[in-house]
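Chemist: What follows is final39.cif, mmCIF, C-alpha atoms and all ligand atoms.
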```cif
data_my_file
loop_
_atom_site.label_atom_id
_atom_site.label_comp_id
_atom_site.auth_asym_id
_atom_site.auth_seq_id
_atom_site.Cartn_x
_atom_site.Cartn_y
_atom_site.Cartn_z
CA MET A 1334 96.64 91.74 92.27
CA ARG A 1335 95.07 88.56 93.54
CA VAL A 1336 91.90 89.22 95.53
CA PRO A 1337 89.02 86.79 95.96
CA ILE A 1338 85.70 87.90 94.54
CA ASP A 1339 82.20 87.90 95.99
CA CYS A 1340 83.24 88.86 99.48
CA TRP A 1341 83.34 91.80 101.84
CA TYR A 1342 86.52 93.81 102.34
CA VAL A 1343 87.22 96.24 105.12
CA VAL A 1344 88.07 99.52 103.40
CA LEU A 1345 88.02 102.15 106.16
CA GLU A 1346 87.30 102.60 109.81
CA GLY A 1347 83.96 104.31 110.32
CA ARG A 1348 85.63 107.15 112.21
CA GLU A 1349 87.73 107.97 109.14
CA LEU A 1350 84.59 109.02 107.30
CA ARG A 1351 83.16 112.27 108.61
CA ARG A 1352 79.82 113.66 107.56
CA GLY A 1353 80.08 116.37 104.91
CA ARG A 1354 83.65 115.53 103.96
CA PRO A 1355 84.60 113.29 101.03
CA ARG A 1356 87.53 110.99 101.53
CA VAL A 1357 89.68 109.61 98.71
CA ALA A 1358 91.25 106.20 99.27
CA ARG A 1359 92.88 103.65 97.01
CA ARG A 1360 91.40 100.22 97.66
CA LEU A 1361 91.55 96.98 95.67
CA GLY A 1362 93.62 98.77 93.05
CA LEU A 1363 91.00 101.49 92.45
CA ASP A 1364 90.94 105.15 93.43
CA LEU A 1365 87.64 105.62 95.22
CA VAL A 1366 85.83 108.49 96.87
CA PHE A 1367 83.88 107.77 100.04
CA TRP A 1368 81.35 110.02 101.75
CA ARG A 1369 78.31 109.84 104.00
CA ASP A 1370 74.86 110.39 102.48
CA SER A 1371 72.11 112.37 104.20
CA SER A 1372 71.20 109.34 106.35
CA GLY A 1373 74.86 109.02 107.45
CA ALA A 1374 75.39 105.80 105.48
CA PRO A 1375 78.76 105.41 103.75
CA ARG A 1376 78.81 105.65 99.96
CA ALA A 1377 81.55 105.10 97.38
CA VAL A 1378 82.06 105.65 93.66
CA LEU A 1379 85.16 105.82 91.46
CA ASP A 1380 87.07 108.97 92.27
CA ARG A 1381 87.36 110.02 88.63
CA CYS A 1382 84.52 112.23 87.36
CA PRO A 1383 82.97 110.68 84.22
CA HIS A 1384 82.69 114.16 82.67
CA ARG A 1385 86.32 115.17 82.25
CA GLY A 1386 88.19 113.20 84.83
CA ALA A 1387 88.61 115.48 87.84
CA SER A 1388 88.81 113.91 91.28
CA LEU A 1389 85.35 113.89 92.85
CA GLY A 1390 87.03 113.57 96.21
CA HIS A 1391 88.25 117.14 95.82
CA GLY A 1392 84.65 118.29 95.53
CA LYS A 1393 81.92 118.71 98.12
CA VAL A 1394 79.18 116.67 99.71
CA ARG A 1395 75.86 118.38 99.02
CA ASP A 1396 72.48 116.96 100.05
CA GLY A 1397 74.13 113.60 100.63
CA GLN A 1398 75.53 113.54 97.08
CA ILE A 1399 79.02 114.16 95.78
CA GLU A 1400 79.62 117.28 93.68
CA CYS A 1401 82.55 117.51 91.29
CA PRO A 1402 84.80 120.54 91.93
CA PHE A 1403 85.29 121.22 88.21
CA HIS A 1404 81.83 121.83 86.66
CA GLY A 1405 79.58 120.96 89.57
CA PHE A 1406 78.09 117.72 88.21
CA ARG A 1407 76.51 115.76 91.04
CA PHE A 1408 76.40 112.02 91.66
CA ASP A 1409 74.32 110.04 94.10
CA GLY A 1410 75.43 107.04 96.12
CA GLY A 1411 74.20 104.70 93.39
CA GLY A 1412 76.53 106.34 90.86
CA ALA A 1413 73.78 108.16 88.90
CA CYS A 1414 74.56 111.66 87.63
CA VAL A 1415 71.72 113.70 89.14
CA LYS A 1416 72.71 117.24 88.20
CA VAL A 1417 74.50 118.93 85.29
CA PRO A 1418 74.41 122.66 86.09
CA CYS A 1419 75.48 123.75 82.59
CA ASN A 1420 72.43 121.95 81.11
CA GLY A 1421 70.05 123.91 83.33
CA PRO A 1422 67.78 122.75 86.14
CA ASP A 1423 65.12 121.17 83.90
CA ALA A 1424 67.46 118.98 81.85
CA GLN A 1425 67.06 115.19 81.86
CA ARG A 1426 69.42 113.12 83.99
CA PRO A 1427 72.15 112.00 81.57
CA LYS A 1428 72.45 108.21 81.82
CA HIS A 1429 75.79 108.12 80.01
CA LEU A 1430 77.34 110.15 82.83
CA ALA A 1431 76.67 107.47 85.47
CA THR A 1432 79.73 106.23 87.33
CA ARG A 1433 80.56 102.96 89.05
CA ALA A 1434 79.23 102.76 92.58
CA PHE A 1435 80.03 100.17 95.25
CA VAL A 1436 77.89 98.45 97.85
CA LEU A 1437 79.01 99.30 101.37
CA ARG A 1438 78.14 98.30 104.92
CA GLU A 1439 79.21 99.78 108.21
CA GLU A 1440 79.57 97.27 111.03
CA HIS A 1441 81.87 96.80 114.03
CA GLY A 1442 83.17 100.34 113.48
CA LEU A 1443 84.45 99.35 110.04
CA VAL A 1444 83.31 100.22 106.53
CA TRP A 1445 83.05 97.15 104.28
CA LEU A 1446 82.94 97.05 100.49
CA TRP A 1447 81.35 94.26 98.46
CA TRP A 1448 83.78 93.06 95.78
CA GLY A 1449 81.83 91.04 93.25
CA GLU A 1450 78.60 90.98 91.31
CA PRO A 1451 75.65 92.87 92.79
CA ARG A 1452 73.10 90.64 94.53
CA GLU A 1453 69.54 90.77 95.76
CA GLU A 1454 70.79 89.84 99.20
CA TYR A 1455 74.32 89.98 100.52
CA PRO A 1456 75.94 87.60 103.01
CA PRO A 1457 76.82 88.99 106.45
CA VAL A 1458 80.25 90.57 106.84
CA PRO A 1459 82.77 88.08 108.23
CA TRP A 1460 83.34 88.45 111.95
CA PHE A 1461 84.57 86.59 115.02
CA SER A 1462 81.88 85.83 117.60
CA GLU A 1463 84.71 85.78 120.19
CA LEU A 1464 84.86 89.58 119.93
CA GLU A 1465 81.23 90.27 120.83
CA GLY A 1466 80.70 92.31 123.97
CA ARG A 1467 84.31 93.43 124.26
CA GLU A 1468 85.90 96.87 124.29
CA HIS A 1469 88.69 97.66 121.90
CA SER A 1470 91.35 100.12 120.83
CA GLY A 1471 93.61 99.95 117.82
CA PHE A 1472 96.13 101.40 115.44
CA VAL A 1473 96.69 101.68 111.70
CA VAL A 1474 99.82 100.75 109.75
CA ASP A 1475 100.51 101.12 106.01
CA ASN A 1476 103.25 99.26 104.19
CA ASP A 1477 104.62 98.60 100.71
CA VAL A 1478 103.92 94.91 100.15
CA SER A 1479 100.76 93.10 99.08
CA TRP A 1480 97.96 92.27 101.49
CA MET A 1481 98.75 88.57 100.99
CA ARG A 1482 102.30 89.03 102.26
CA ASN A 1483 100.98 90.74 105.36
CA VAL A 1484 98.43 88.00 106.04
CA GLU A 1485 101.08 85.36 105.51
CA ASN A 1486 103.32 87.01 108.06
CA GLN A 1487 100.57 86.56 110.64
CA LEU A 1488 100.23 82.86 109.79
CA ASP A 1489 103.97 82.32 110.04
CA TRP A 1490 105.10 80.19 113.01
CA PRO A 1491 108.80 79.53 112.29
CA HIS A 1492 109.72 83.22 112.21
CA LEU A 1493 108.98 83.66 115.91
CA PRO A 1494 112.40 82.81 117.43
CA PHE A 1495 114.23 84.76 114.72
CA VAL A 1496 112.23 87.93 114.12
CA HIS A 1497 110.95 88.16 117.70
CA GLY A 1498 113.87 86.55 119.52
CA ARG A 1499 113.88 89.36 122.09
CA THR A 1500 110.11 89.64 122.52
CA ILE A 1501 107.35 87.06 121.98
CA GLY A 1502 109.75 84.55 120.41
CA MET A 1503 112.17 84.48 123.35
CA GLY A 1504 112.88 80.88 124.35
CA PHE A 1505 110.66 79.57 121.55
CA ASP A 1506 111.92 76.13 120.47
CA PRO A 1507 112.44 76.55 116.70
CA ARG A 1508 111.61 72.90 116.03
CA ILE A 1509 107.87 72.78 115.47
CA GLU A 1510 105.14 70.77 113.84
CA VAL A 1511 102.36 72.91 112.46
CA ARG A 1512 98.70 72.04 111.99
CA SER A 1513 96.35 74.01 109.79
CA VAL A 1514 92.83 73.33 108.60
CA VAL A 1515 90.43 75.19 106.35
CA GLU A 1516 86.79 74.90 107.42
CA GLY A 1517 84.39 76.94 105.31
CA ASP A 1518 85.43 80.56 105.58
CA ARG A 1519 88.01 79.94 108.31
CA LEU A 1520 91.60 78.85 108.42
CA VAL A 1521 92.72 77.66 111.85
CA THR A 1522 96.36 76.93 112.67
CA TRP A 1523 98.20 75.71 115.78
CA LEU A 1524 101.27 73.83 116.95
CA THR A 1525 101.12 70.13 117.85
CA ARG A 1526 103.01 70.95 121.04
CA ASP A 1527 99.94 72.93 122.22
CA GLU A 1528 97.54 70.01 121.74
CA ASP A 1529 96.00 68.16 124.68
CA GLU A 1530 95.48 64.40 124.71
CA GLN A 1531 92.39 64.72 122.52
CA GLY A 1532 94.36 66.79 120.02
CA LYS A 1533 92.60 70.03 121.01
CA PRO A 1534 95.02 72.98 120.95
CA SER A 1535 95.24 75.37 123.90
CA PHE A 1536 96.15 78.17 121.48
CA HIS A 1537 95.29 78.74 117.85
CA ILE A 1538 95.22 81.51 115.28
CA GLN A 1539 92.30 82.06 112.92
CA LEU A 1540 91.84 83.73 109.58
CA ALA A 1541 88.36 84.59 108.31
CA PHE A 1542 88.75 84.71 104.54
CA PRO A 1543 89.87 86.72 102.91
CA HIS A 1544 91.62 89.10 105.29
CA LEU A 1545 90.47 89.12 108.92
CA TRP A 1546 92.82 87.64 111.51
CA LEU A 1547 92.35 86.73 115.17
CA ASN A 1548 95.01 85.94 117.75
CA PRO A 1549 93.87 85.19 121.32
CA LEU A 1550 97.17 86.51 122.77
CA GLY A 1551 97.63 83.38 124.82
CA GLY A 1552 94.23 83.36 126.52
CA ASP A 1553 90.61 84.36 126.33
CA ARG A 1554 90.88 87.69 128.18
CA MET A 1555 92.60 89.64 125.42
CA MET A 1556 92.42 89.21 121.66
CA ALA A 1557 94.24 90.81 118.76
CA MET A 1558 92.31 91.27 115.53
CA ALA A 1559 93.55 92.68 112.25
CA ALA A 1560 92.14 93.47 108.81
CA PHE A 1561 94.69 93.48 105.98
CA VAL A 1562 93.20 95.84 103.44
CA PRO A 1563 94.33 95.48 99.80
CA VAL A 1564 95.29 98.95 98.56
CA ASP A 1565 96.95 97.72 95.35
CA GLU A 1566 99.55 95.15 94.28
CA THR A 1567 102.24 96.57 96.48
CA HIS A 1568 100.44 98.42 99.26
CA THR A 1569 98.42 97.35 102.28
CA ARG A 1570 96.61 99.20 105.01
CA MET A 1571 96.35 97.28 108.25
CA TYR A 1572 93.78 97.95 110.93
CA PHE A 1573 95.00 96.33 114.14
CA ARG A 1574 92.81 96.15 117.21
CA THR A 1575 93.08 94.75 120.71
CA TYR A 1576 89.86 93.54 122.35
CA ALA A 1577 89.25 92.89 126.03
CA ARG A 1578 86.25 92.07 128.19
CA PRO A 1579 84.81 95.13 129.98
CA LEU A 1580 86.30 95.78 133.41
CA LEU A 1581 84.58 97.38 136.43
CA VAL A 1582 84.23 100.83 134.89
CA PRO A 1583 83.22 101.40 131.26
CA GLY A 1584 86.27 102.40 129.23
CA LEU A 1585 88.76 100.93 131.70
CA ALA A 1586 89.42 97.88 129.53
CA ARG A 1587 90.34 100.26 126.73
CA LEU A 1588 93.21 101.65 128.78
CA VAL A 1589 94.58 98.13 129.07
CA THR A 1590 94.09 97.37 125.37
CA ALA A 1591 95.76 100.65 124.42
CA ALA A 1592 98.83 99.58 126.40
CA VAL A 1593 98.79 96.22 124.59
CA ASP A 1594 98.51 98.10 121.27
CA VAL A 1595 101.82 99.80 122.02
CA VAL A 1596 103.49 96.42 122.48
CA ASN A 1597 101.77 94.95 119.42
CA ARG A 1598 102.89 97.85 117.29
CA LEU A 1599 106.47 97.24 118.39
CA ILE A 1600 106.22 93.53 117.58
CA LEU A 1601 104.65 94.30 114.21
CA GLY A 1602 107.54 96.67 113.51
CA GLN A 1603 109.90 93.70 113.94
CA ASP A 1604 107.85 91.76 111.39
CA LEU A 1605 107.54 94.50 108.83
CA ARG A 1606 111.26 95.17 108.69
CA VAL A 1607 111.75 91.64 107.33
CA VAL A 1608 108.55 91.47 105.27
CA ALA A 1609 109.67 94.64 103.46
CA THR A 1610 112.65 92.68 102.09
CA GLN A 1611 110.47 90.00 100.42
CA PRO A 1612 109.22 90.40 96.85
CA PRO A 1613 106.02 92.44 97.34
CA GLU A 1614 103.72 89.65 96.11
CA PRO A 1615 104.01 85.87 96.56
CA THR A 1616 105.68 84.51 93.42
CA VAL A 1617 105.39 81.30 91.43
CA ASP A 1618 108.47 81.51 89.21
CA VAL A 1619 111.67 79.50 89.59
CA GLN A 1620 113.12 82.24 91.72
CA GLY A 1621 110.07 81.89 93.95
CA GLU A 1622 109.63 80.19 97.27
CA ARG A 1623 110.10 76.64 98.49
CA LEU A 1624 107.80 76.05 101.41
CA VAL A 1625 108.37 73.56 104.23
CA GLN A 1626 106.01 71.77 106.63
CA ALA A 1627 105.97 74.71 109.04
CA ASP A 1628 104.60 76.89 106.22
CA LEU A 1629 101.47 74.76 105.93
CA PRO A 1630 99.03 77.60 106.84
CA ILE A 1631 100.69 79.87 104.28
CA ALA A 1632 100.39 77.19 101.60
CA GLN A 1633 96.73 76.67 102.50
CA PHE A 1634 96.06 80.39 102.50
CA ARG A 1635 97.56 80.77 99.00
CA LYS A 1636 95.64 77.80 97.74
CA GLU A 1637 92.34 79.11 99.09
CA ILE A 1638 92.94 82.61 97.74
CA ALA A 1639 93.78 81.11 94.34
CA ARG A 1640 90.65 78.97 94.45
CA ARG A 1641 88.45 81.92 95.40
CA SER A 1642 89.91 84.18 92.69
CA ALA A 1643 91.49 83.07 89.41
CA PRO A 1644 92.60 79.41 89.51
CA ASP A 1645 96.36 79.09 89.53
CA PRO A 1646 97.49 75.84 91.15
CA GLY A 1647 101.14 76.73 90.50
CA LEU A 1648 100.96 79.30 93.27
CA VAL A 1649 101.37 76.65 95.93
CA THR A 1650 104.70 74.94 96.31
CA LEU A 1651 104.77 72.79 99.41
CA ARG A 1652 107.69 70.54 100.18
CA ARG A 1653 108.16 68.59 103.35
CA HIS A 1654 111.40 69.26 105.13
CA GLY A 1655 113.87 66.69 106.46
S1 LIG B 1701 85.10 117.08 85.36
FE1 LIG B 1701 83.64 116.75 86.85
S2 LIG B 1701 82.01 118.05 86.32
FE2 LIG B 1701 83.46 118.31 84.75
FE FE B 1702 105.72 88.21 113.77
#
```
What do you get writing this file as structure tokens?
Ligand code: FES
Ligand SMILES: [Fe+2]
Modeler:
Amino acid sequence: MRVPIDCWYVVLEGRELRRGRPRVARRLGLDLVFWRDSSGAPRAVLDRCPHRGASLGHGKVRDGQIECPFHGFRFDGGGACVKVPCNGPDAQRPKHLATRAFVLREEHGLVWLWWGEPREEYPPVPWFSELEGREHSGFVVDNDVSWMRNVENQLDWPHLPFVHGRTIGMGFDPRIEVRSVVEGDRLVTWLTRDEDEQGKPSFHIQLAFPHLWLNPLGGDRMMAMAAFVPVDETHTRMYFRTYARPLLVPGLARLVTAAVDVVNRLILGQDLRVVATQPPEPTVDVQGERLVQADLPIAQFRKEIARRSAPDPGLVTLRRHG
């Protein structure tokens, strides 16, 4: 699985992690157990007990630590084994029983996992300032292709009149010229037909690397955001949200966004029916893909992901059409 290193990944929504209850989830190709410690902060270690391999996630949270269901060994949020009941209460903490722990943050109602070397100080989680001060609702979708495929689908302009011919792609002129630029941690893409005389687009889509996507839904009032969470090579969990500015009464905007969620889920369903027929991961072999100008953001996305993980220039095949 190709995933950039040294960055934050959304792994759960905060509301999926209840106090006192461990939660097992496969993320970034690893089976992990998440729980909340006694301060309420999210914690995660590998789900497999270092003693004899039972799933820690089937155990209990005790005193903010995770207790294995098999022989009651306990692990703290840093991965240290802090209790071995069969050795007695006065035994030393066995260093060789430590497990791998992960650095987590909880922000914007999402739990984020640091994928990379530990650091003294960590960068902020990626976020869109456009979403500050807004209310939101959302939905979750799982599918059986890689996270990259799902991101690519959201950077794909030429599919609109075909996949969404009866919804958002109705009347969409299939002939397009696509612009896409990578600036730091952002990819921004738009159509030349939406540019004003200064070349500024009235509508654009953004990706905050590696996996956070923002679509202004045709204006500033409402915005769609999604996190494409790598589960493993062939599975993705997608957290979709709709954001809107608060209306007169608190919570009212959320009724509107919830209605938009219903439509967005329907549109996403149109996408995923086609995406499910692609090979689950982008390929580089001769049977692979031959991109055209309109695929520019997809080519740039692949190139950036390759650059930020293991270098593999062969991943990008861009040919101009015509
Ligand atoms: S397998 Fe977990 S304590 Fe023995
Ligand atoms: Fe689509």
Chemist: May I ask which of the residues A:Arg1385, A:Arg1452, A:Arg1512, A:Arg1407 is the closest one to A:Leu1488, counting all atoms listed in the file?
Modeler: A:Arg1512
Chemist: All residues within 7 Å of ligand FE 1702 (chain B) are required, counting only C-alpha atoms and all ligand atoms; please report them as a list in words.
Modeler: Asn1486, Gln1487, His1492, Leu1493, Val1496, His1497, Ile1600, Leu1601, Gln1603 and Asp1604 of chain A
Chemist: Distance limit 7 Å, reference ligand LIG 1701 (chain B), atoms considered: all atoms listed in the file. Which residues make the cut? Give them as a PyMOL selection string.
Modeler: chain A and resi 1382-1387+1389+1401-1406
Chemist: Just checking: using all atoms listed in the file, which residue out of A:Ile1501, A:Leu1629, A:Val1582, A:Val1474 ends up closest to A:Gly1602?
Modeler: A:Val1474
Chemist: Expressed in Å to a single decimal, how great is the separation between atom CA of A:Glu1530 and atom CA of A:Glu1510?
Modeler: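 Here the two named atoms are 15.9 Å from each other.
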Chemist: Could you please give me, as a ChimeraX atom specification, the residues of protein, DNA or RNA lying at most 12 Å from (99.3, 73.4, 125.9) in the coordinate frame of the file, considering all atoms listed in the file?
Modeler: /A:1523-1537,1551-1552
Chemist: What separation in Å, quoted to one decimal, exists between atom CA of A:Gly1498 and atom CA of A:Asn1597?
Modeler: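 Answer for the atom CA of A:Gly1498 to atom CA of A:Asn1597 separation: 14.7 Å.
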Chemist: Just to confirm, what's the straight-line distance from atom CA of A:Phe1634 to atom CA of A:Leu1545 in Å (one decimal)?
Modeler: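 The value is 12.2 Å.
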Chemist: Rank nothing, just name the residue among A:Ala1559, A:Val1458, A:Val1417, A:Met1481 nearest to A:Arg1335, using only C-alpha atoms.
Modeler: A:Met1481
Chemist: Could you tell me which of A:Leu1363, A:Leu1624, A:Leu1350, A:Ala1431 comes closest to A:Asp1489 if we count all atoms listed in the file?
Modeler: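 Nearest to A:Asp1489: A:Leu1624.
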Chemist: Can you list, as a ChimeraX atom specification, every protein, DNA or RNA residue that comes within 10 Å of A:Leu1464 when you count all atoms listed in the file, leaving out same-chain residues fewer than 3 positions away?
Modeler: /A:1441,1460-1461,1467-1469,1547,1555-1558,1575-1578
Chemist: Need the neighbours of (94.0, 75.3, 105.4): which residues are at most 9 Å away, counting only C-alpha atoms, as a ChimeraX atom specification?
Modeler: /A:1512-1516,1519-1522,1629-1634,1636-1637
Chemist: Using only C-alpha atoms, which protein or nucleic acid residues come within 10 Å of A:Lys1428? Drop anything in the same chain fewer than 5 positions from it, and give the result as an MDAnalysis selection string.
Modeler: chainID A and resid 1413:1415
Chemist: Let me make sure I understand: among A:Asp1565, A:Glu1485, A:Glu1453, A:Glu1622, which one has the smallest atom-to-atom distance to A:Leu1605 if we use all atoms listed in the file?
Modeler: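 Of A:Asp1565, A:Glu1485, A:Glu1453, A:Glu1622, the one nearest A:Leu1605, counting all atoms listed in the file, is A:Glu1485.
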Chemist: Rank A:Met1334, A:Ala1591, A:Val1607, A:Ile1399 by their smallest atom-to-atom distance to A:Pro1355, using all atoms listed in the file, and report the top residue only.
Modeler: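 With all atoms listed in the file as the atom set, the closest residue is A:Ile1399.
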Chemist: Pick out the residues sitting within 10 Å of A:Asp1506, and hand them over as a count of residues only; count all atoms listed in the file, and ignore anything fewer than 4 positions along from it in its own chain.
Modeler: 4
